[in-house]
>>> print(open('input_31.cif').read())   # mmCIF, C-alpha atoms
data_target
#
loop_
_atom_site.label_atom_id
_atom_site.label_comp_id
_atom_site.auth_asym_id
_atom_site.auth_seq_id
_atom_site.Cartn_x
_atom_site.Cartn_y
_atom_site.Cartn_z
CA MET A 92 10.70 -23.77 -92.95
CA LEU A 93 8.26 -25.95 -91.02
CA ARG A 94 5.68 -26.36 -93.78
CA ARG A 95 7.09 -28.73 -96.39
CA ILE A 96 4.96 -30.43 -99.03
CA GLY A 97 6.13 -33.28 -101.23
CA VAL A 98 4.29 -34.49 -104.33
CA LEU A 99 4.48 -37.97 -105.82
CA GLY A 100 3.69 -37.76 -109.49
CA GLY A 101 1.04 -35.37 -110.72
CA ASP A 102 0.52 -33.37 -113.87
CA ALA A 103 1.23 -29.76 -114.74
CA ALA A 104 -2.10 -28.60 -113.27
CA THR A 105 -1.32 -30.17 -109.91
CA GLN A 106 2.17 -28.67 -109.94
CA ALA A 107 0.77 -25.22 -110.75
CA SER A 108 -1.79 -25.43 -107.93
CA LEU A 109 0.86 -26.49 -105.45
CA ASP A 110 3.27 -23.78 -106.59
CA THR A 111 0.59 -21.14 -106.09
CA LEU A 112 -0.53 -22.48 -102.71
CA CYS A 113 3.03 -22.84 -101.38
CA GLY A 114 3.92 -19.34 -102.51
CA LYS A 115 0.98 -17.89 -100.57
CA ASN A 116 1.50 -19.96 -97.42
CA ASP A 117 5.27 -20.01 -96.84
CA CYS A 118 5.68 -23.67 -97.81
CA GLU A 119 8.55 -25.48 -99.45
CA LEU A 120 7.50 -27.71 -102.35
CA LEU A 121 9.52 -30.86 -103.05
CA ASP A 122 9.35 -33.23 -105.99
CA LEU A 123 9.47 -36.73 -104.52
CA ALA A 124 9.74 -38.55 -107.82
CA GLY A 125 12.33 -41.28 -107.57
CA VAL A 126 13.05 -40.87 -103.86
CA ASP A 127 13.43 -43.97 -101.69
CA HIS A 128 11.65 -42.49 -98.69
CA ILE A 129 9.70 -39.39 -97.71
CA PRO A 130 11.99 -36.90 -95.92
CA PRO A 131 11.17 -36.12 -92.27
CA GLY A 132 8.84 -33.18 -91.80
CA VAL A 133 7.34 -33.45 -95.30
CA ALA A 134 3.60 -33.80 -95.90
CA ALA A 135 3.42 -36.03 -98.99
CA ILE A 136 0.52 -36.39 -101.41
CA ALA A 137 -0.10 -38.29 -104.62
CA GLY A 138 -0.63 -36.08 -107.61
CA ALA A 139 -3.77 -37.80 -108.86
CA GLY A 140 -7.25 -36.26 -108.72
CA ASP A 141 -8.41 -32.66 -108.58
CA PRO A 142 -5.25 -30.51 -108.35
CA ASP A 143 -6.82 -27.84 -106.14
CA VAL A 144 -8.22 -30.42 -103.72
CA ALA A 145 -4.85 -32.21 -103.59
CA ALA A 146 -3.02 -28.95 -102.96
CA GLU A 147 -5.38 -27.90 -100.17
CA GLY A 148 -5.13 -31.34 -98.57
CA ALA A 149 -1.34 -31.13 -98.61
CA LEU A 150 -1.43 -27.70 -96.99
CA GLN A 151 -3.70 -28.98 -94.22
CA MET A 152 -1.29 -31.83 -93.49
CA ALA A 153 1.64 -29.42 -93.41
CA ARG A 154 -0.24 -27.15 -91.00
CA ARG A 155 -1.04 -30.09 -88.72
CA SER A 156 2.66 -30.98 -88.51
CA GLU A 157 3.54 -27.36 -87.81
CA ASN A 158 0.90 -27.06 -85.09
CA MET A 159 2.10 -30.29 -83.48
CA LEU A 160 5.64 -28.94 -83.39
CA TYR A 161 4.57 -25.73 -81.69
CA LEU A 162 2.40 -27.62 -79.21
CA LEU A 163 5.25 -29.96 -78.33
CA ALA A 164 7.66 -27.03 -77.99
CA GLU A 165 5.24 -25.29 -75.63
CA ALA A 166 4.96 -28.44 -73.53
CA ILE A 167 8.75 -28.68 -73.27
CA ASP A 168 9.00 -25.01 -72.29
CA CYS A 169 6.30 -25.42 -69.65
CA ARG A 170 7.95 -28.57 -68.32
CA GLU A 171 11.11 -26.57 -67.59
CA ASP A 172 9.14 -23.50 -66.47
CA LYS A 173 10.64 -21.35 -69.21
CA ALA A 174 9.11 -18.04 -70.22
CA PRO A 175 6.35 -18.39 -72.84
CA GLY A 176 7.66 -18.38 -76.39
CA SER A 177 11.24 -19.34 -75.50
CA SER A 178 11.48 -22.14 -78.06
CA HIS A 179 9.71 -20.08 -80.72
CA ARG A 180 12.25 -17.31 -80.20
CA LEU A 181 15.04 -19.87 -80.55
CA MET A 182 13.53 -21.06 -83.82
CA GLN A 183 13.51 -17.50 -85.15
CA HIS A 184 17.21 -17.23 -84.35
CA ALA A 185 17.75 -20.60 -86.05
CA THR A 186 16.01 -19.37 -89.20
CA ARG A 187 18.17 -16.26 -89.37
CA PHE A 188 21.36 -18.23 -88.72
CA ALA A 189 20.43 -20.81 -91.36
CA GLU A 190 19.97 -18.01 -93.88
CA ALA A 191 23.28 -16.40 -92.90
CA LEU A 192 25.05 -19.75 -93.34
CA HIS A 193 23.25 -20.45 -96.63
CA LEU A 194 22.10 -23.85 -95.40
CA SER A 195 20.16 -26.11 -97.74
CA ASN A 196 16.40 -26.21 -97.27
CA SER A 197 16.62 -29.67 -95.72
CA ASP A 198 19.26 -28.56 -93.21
CA ARG A 199 17.32 -25.41 -92.43
CA SER A 200 14.19 -27.46 -91.79
CA ALA A 201 16.10 -29.86 -89.54
CA LEU A 202 17.64 -26.98 -87.56
CA GLU A 203 14.29 -25.25 -87.12
CA ARG A 204 12.52 -28.40 -85.95
CA ALA A 205 15.42 -29.22 -83.63
CA SER A 206 15.31 -25.73 -82.15
CA LEU A 207 11.76 -26.47 -81.00
CA VAL A 208 12.33 -29.96 -79.56
CA HIS A 209 16.08 -30.32 -78.84
CA ASP A 210 15.32 -30.57 -75.12
CA ILE A 211 12.56 -33.14 -75.50
CA GLY A 212 14.51 -35.55 -73.27
CA LYS A 213 13.87 -33.24 -70.30
CA LEU A 214 10.27 -34.43 -70.35
CA LYS A 215 11.57 -37.60 -68.70
CA ILE A 216 13.82 -35.93 -66.10
CA PRO A 217 12.28 -35.89 -62.58
CA ASN A 218 10.96 -32.54 -61.28
CA GLY A 219 13.27 -32.74 -58.29
CA VAL A 220 16.25 -32.50 -60.62
CA LEU A 221 14.97 -30.48 -63.55
CA LEU A 222 13.37 -27.73 -61.45
CA LYS A 223 15.83 -27.71 -58.55
CA ILE A 224 16.88 -24.14 -57.78
CA SER A 225 19.74 -24.97 -55.44
CA GLY A 226 22.94 -26.60 -56.74
CA LEU A 227 22.70 -30.10 -58.16
CA THR A 228 24.59 -33.00 -56.64
CA TYR A 229 26.99 -34.96 -58.84
CA ASP A 230 24.42 -37.73 -59.33
CA GLU A 231 21.69 -35.22 -60.16
CA TRP A 232 23.90 -33.43 -62.68
CA THR A 233 24.80 -36.75 -64.27
CA LEU A 234 21.10 -37.58 -64.56
CA LEU A 235 20.28 -34.19 -66.08
CA GLN A 236 22.98 -34.67 -68.71
CA GLN A 237 21.19 -37.81 -69.83
CA HIS A 238 18.40 -35.70 -71.34
CA THR A 239 20.40 -35.53 -74.57
CA VAL A 240 20.59 -39.32 -74.88
CA ILE A 241 16.99 -39.78 -73.77
CA GLY A 242 15.84 -37.17 -76.28
CA ALA A 243 17.84 -38.73 -79.13
CA ASP A 244 16.24 -42.09 -78.37
CA MET A 245 12.80 -40.46 -78.41
CA VAL A 246 13.11 -38.64 -81.74
CA ARG A 247 14.65 -41.68 -83.44
CA GLU A 248 11.25 -43.38 -83.20
CA MET A 249 9.34 -40.43 -84.72
CA ASP A 250 9.10 -40.04 -88.48
CA LEU A 251 8.89 -36.26 -88.15
CA PHE A 252 12.21 -36.05 -86.30
CA GLN A 253 14.46 -38.83 -87.57
CA ASP A 254 16.86 -36.36 -89.21
CA ILE A 255 17.47 -34.40 -85.99
CA GLU A 256 18.66 -37.25 -83.75
CA ASP A 257 22.30 -36.11 -83.93
CA ILE A 258 21.36 -32.51 -83.07
CA VAL A 259 19.37 -33.60 -80.04
CA ARG A 260 22.13 -35.93 -78.86
CA CYS A 261 25.09 -33.61 -79.46
CA HIS A 262 23.91 -30.04 -78.84
CA HIS A 263 25.77 -29.97 -75.49
CA GLU A 264 29.06 -31.24 -76.91
CA CYS A 265 31.86 -28.65 -76.81
CA PHE A 266 34.32 -27.84 -79.55
CA ASP A 267 37.23 -28.58 -77.19
CA GLY A 268 35.80 -31.95 -76.14
CA ASP A 269 34.65 -30.82 -72.70
CA GLY A 270 30.93 -31.35 -73.34
CA TYR A 271 28.49 -34.23 -73.00
CA PRO A 272 27.25 -36.92 -73.42
CA ASN A 273 30.28 -38.35 -75.26
CA GLY A 274 33.00 -35.70 -75.00
CA ILE A 275 33.57 -35.56 -78.76
CA GLU A 276 35.34 -32.51 -80.18
CA GLY A 277 35.86 -30.33 -83.22
CA GLU A 278 34.42 -31.45 -86.50
CA ALA A 279 33.55 -34.83 -85.01
CA ILE A 280 30.53 -33.00 -83.59
CA PRO A 281 27.79 -32.95 -86.26
CA TYR A 282 27.67 -29.60 -88.05
CA LEU A 283 24.06 -28.79 -87.19
CA ALA A 284 24.68 -29.69 -83.55
CA ARG A 285 27.55 -27.19 -83.46
CA ILE A 286 25.17 -24.57 -84.80
CA MET A 287 22.53 -25.51 -82.23
CA LYS A 288 25.08 -25.23 -79.42
CA ILE A 289 25.59 -21.54 -80.21
CA LEU A 290 21.89 -20.85 -80.68
CA ASP A 291 20.89 -22.66 -77.50
CA VAL A 292 23.44 -20.89 -75.29
CA TYR A 293 22.67 -17.47 -76.75
CA ASN A 294 18.93 -17.98 -76.27
CA ALA A 295 19.37 -19.35 -72.75
CA MET A 296 21.52 -16.40 -71.71
CA THR A 297 19.15 -13.77 -73.09
CA SER A 298 15.90 -15.37 -71.84
CA PRO A 299 14.38 -15.53 -68.32
CA ARG A 300 15.03 -18.76 -66.40
CA ILE A 301 13.60 -20.12 -63.15
CA TYR A 302 17.03 -20.83 -61.65
CA ARG A 303 18.40 -17.27 -61.86
CA GLU A 304 17.43 -13.65 -61.52
CA GLY A 305 17.40 -11.55 -64.67
CA HIS A 306 19.13 -12.42 -67.92
CA ALA A 307 22.04 -11.28 -70.03
CA THR A 308 21.93 -8.54 -72.62
CA HIS A 309 22.69 -9.26 -76.24
CA LYS A 310 26.07 -7.56 -75.75
CA ASP A 311 26.93 -9.76 -72.76
CA ALA A 312 25.89 -12.92 -74.61
CA ILE A 313 28.04 -12.00 -77.61
CA ALA A 314 30.98 -11.34 -75.29
CA HIS A 315 30.54 -14.83 -73.84
CA LEU A 316 30.45 -16.40 -77.31
CA ARG A 317 33.69 -14.61 -78.21
CA GLU A 318 35.35 -15.68 -74.96
CA GLU A 319 34.40 -19.33 -75.45
CA SER A 320 35.08 -19.44 -79.20
CA GLY A 321 37.30 -22.43 -79.91
CA LYS A 322 36.47 -23.87 -76.49
CA HIS A 323 32.73 -24.38 -76.13
CA PHE A 324 31.90 -23.14 -79.62
CA ASP A 325 33.05 -23.73 -83.18
CA PRO A 326 35.16 -20.61 -83.91
CA ASP A 327 34.07 -20.26 -87.54
CA LEU A 328 30.40 -20.60 -86.66
CA THR A 329 30.82 -18.15 -83.78
CA LYS A 330 32.24 -15.58 -86.18
CA ALA A 331 29.34 -16.19 -88.57
CA PHE A 332 26.78 -15.80 -85.77
CA ILE A 333 28.27 -12.49 -84.66
CA ALA A 334 28.77 -11.20 -88.20
CA GLY A 335 25.21 -12.15 -89.09
CA LYS A 336 23.87 -10.16 -86.14
CA ILE A 337 21.67 -13.06 -85.12
CA GLY A 338 19.33 -12.37 -82.21
CA LYS A 339 18.27 -9.06 -80.83
CA THR A 340 20.68 -6.18 -81.15
CA GLU A 341 19.64 -4.65 -77.88
CA HIS A 342 17.49 -5.29 -74.81
#
>>> encode(input="input_31.cif", output="structure tokens")
Amino acid sequence: MLRRIGVLGGDAATQASLDTLCGKNDCELLDLAGVDHIPPGVAAIAGAGDPDVAAEGALQMARRSENMLYLLAEAIDCREDKAPGSSHRLMQHATRFAEALHLSNSDRSALERASLVHDIGKLKIPNGVLLKISGLTYDEWTLLQQHTVIGADMVREMDLFQDIEDIVRCHHECFDGDGYPNGIEGEAIPYLARIMKILDVYNAMTSPRIYREGHATHKDAIAHLREESGKHFDPDLTKAFIAGKIGKTEH
């Protein structure tokens, strides 16, 4: 859920206006009373003043954050010459997987935002490496792998993304320790990053890419997930992904 509104204080009228507005506009409403800091991705308002004006102002802030996310995702897709809507499709898979796993609203929000910007570090990878169609040299592959570290450093400095740093850094780690950037394994890999690993590979396999002809069917992608379960992918999460019928059922 990309639209998240938090309210600091406020009376019953303000709460009622926000409840109504959030219900009509697919927003999550959070009570921020007593919190030490505003959670990432939350548009926060004070509850004083006209409740309807406060509610509408909060919705506008939430929409601005949502629009910025989509704009940034589109820029990342274009940078890598992906097909239009690739990141948005990944976010839809992330939403369905989050629901299947019964994630908390905060974890769902983090996963959805990460699905849009997990490759943000590629914005700083040179064209000659990122868009190279022929095989990469060892040095070029090493540089490309750094996009996870670069991206994690970037999102750490952004209030909207501070809770997704681990996902951005670790979404290419493998369950058997054969991934990057740090070669960590098993449950040492952050939970949401293990989820993103599955989502990212599935989406990459079933979407057009500049460096290959055609793309895999849903059936082929699922077969790959099964084959690599326990190696590249968390086996329990792989089973949940397949059982939840995440992604398209046919092409």
>>> residues_around(input="input_31.cif", residues="Val246 (chain A)", least_positions_apart="5", cutoff="10 Å", atoms="only C-alpha atoms", output="list of chain:residue names")
A:Ala205, A:Val208, A:His209, A:Ile211, A:Gly212, A:Ile241, A:Leu251, A:Phe252, A:Gln253, A:Asp254, A:Ile255, A:Glu256, A:Asp257, A:Val259, A:Arg260
>>> resolve_selection(input="input_31.cif", expression="the PyMOL selection byres ((chain A and resi 117-126) around 12)", output="PyMOL selection string")
chain A and resi 92-102+105-116+127-130+132-138+146+149-154+157+195-197+199-200
>>> residues_near_point(input="input_31.cif", point="(11.3, -33.8, -73.4)", cutoff="12 Å", atoms="all atoms listed in the file", output="VMD selection string")
chain A and resid 163 to 171 205 207 to 217 221 235 237 to 246 259
>>> resolve_selection(input="input_31.cif", expression="the PyMOL selection byres ((chain A and resi 312) around 12)", output="short mmCIF file (atom, residue, chain, number, x, y, z; two decimals) with C-alpha atoms, in the coordinates of the input")
data_model
loop_
_atom_site.label_atom_id
_atom_site.label_comp_id
_atom_site.auth_asym_id
_atom_site.auth_seq_id
_atom_site.Cartn_x
_atom_site.Cartn_y
_atom_site.Cartn_z
CA ILE A 289 25.59 -21.54 -80.21
CA LEU A 290 21.89 -20.85 -80.68
CA ASP A 291 20.89 -22.66 -77.50
CA VAL A 292 23.44 -20.89 -75.29
CA TYR A 293 22.67 -17.47 -76.75
CA ASN A 294 18.93 -17.98 -76.27
CA ALA A 295 19.37 -19.35 -72.75
CA MET A 296 21.52 -16.40 -71.71
CA THR A 297 19.15 -13.77 -73.09
CA SER A 298 15.90 -15.37 -71.84
CA HIS A 306 19.13 -12.42 -67.92
CA ALA A 307 22.04 -11.28 -70.03
CA THR A 308 21.93 -8.54 -72.62
CA HIS A 309 22.69 -9.26 -76.24
CA LYS A 310 26.07 -7.56 -75.75
CA ASP A 311 26.93 -9.76 -72.76
CA ILE A 313 28.04 -12.00 -77.61
CA ALA A 314 30.98 -11.34 -75.29
CA HIS A 315 30.54 -14.83 -73.84
CA LEU A 316 30.45 -16.40 -77.31
CA ARG A 317 33.69 -14.61 -78.21
CA GLU A 318 35.35 -15.68 -74.96
CA GLU A 319 34.40 -19.33 -75.45
CA THR A 329 30.82 -18.15 -83.78
CA PHE A 332 26.78 -15.80 -85.77
CA ILE A 333 28.27 -12.49 -84.66
CA ILE A 337 21.67 -13.06 -85.12
CA GLY A 338 19.33 -12.37 -82.21
CA LYS A 339 18.27 -9.06 -80.83
CA THR A 340 20.68 -6.18 -81.15
CA GLU A 341 19.64 -4.65 -77.88
CA HIS A 342 17.49 -5.29 -74.81
#
>>> closest_residue(input="input_31.cif", among="A:Ala104, A:Val220, A:Met287, A:Leu194", to="Asp143 (chain A)", atoms="all atoms listed in the file")
A:Ala104
>>> closest_residue(input="input_31.cif", among="A:Gly268, A:Glu147, A:Phe188, A:Ala284", to="Lys330 (chain A)", atoms="only C-alpha atoms")
A:Phe188
>>> residues_near_point(input="input_31.cif", point="(28.2, -24.9, -80.7)", cutoff="8 Å", atoms="all atoms listed in the file", output="PyMOL selection string")
chain A and resi 262-266+284-290+323-325+328-329
>>> closest_residue(input="input_31.cif", among="A:Val144, A:Lys223, A:Ala189, A:Leu234", to="Asp172 (chain A)", atoms="only C-alpha atoms")
A:Lys223
>>> resolve_selection(input="input_31.cif", expression="the PyMOL selection byres ((chain A and resi 182) around 9)", output="list in words")
Ser177, Ser178, His179, Arg180, Leu181, Gln183, His184, Ala185, Thr186, Arg187, Leu202, Glu203, Arg204, Ala205, Ser206, Leu207 and Leu290 of chain A
>>> atom_distance(input="input_31.cif", atom1="CA of Pro326 (chain A)", atom2="CA of Gly176 (chain A)")
28.6 Å
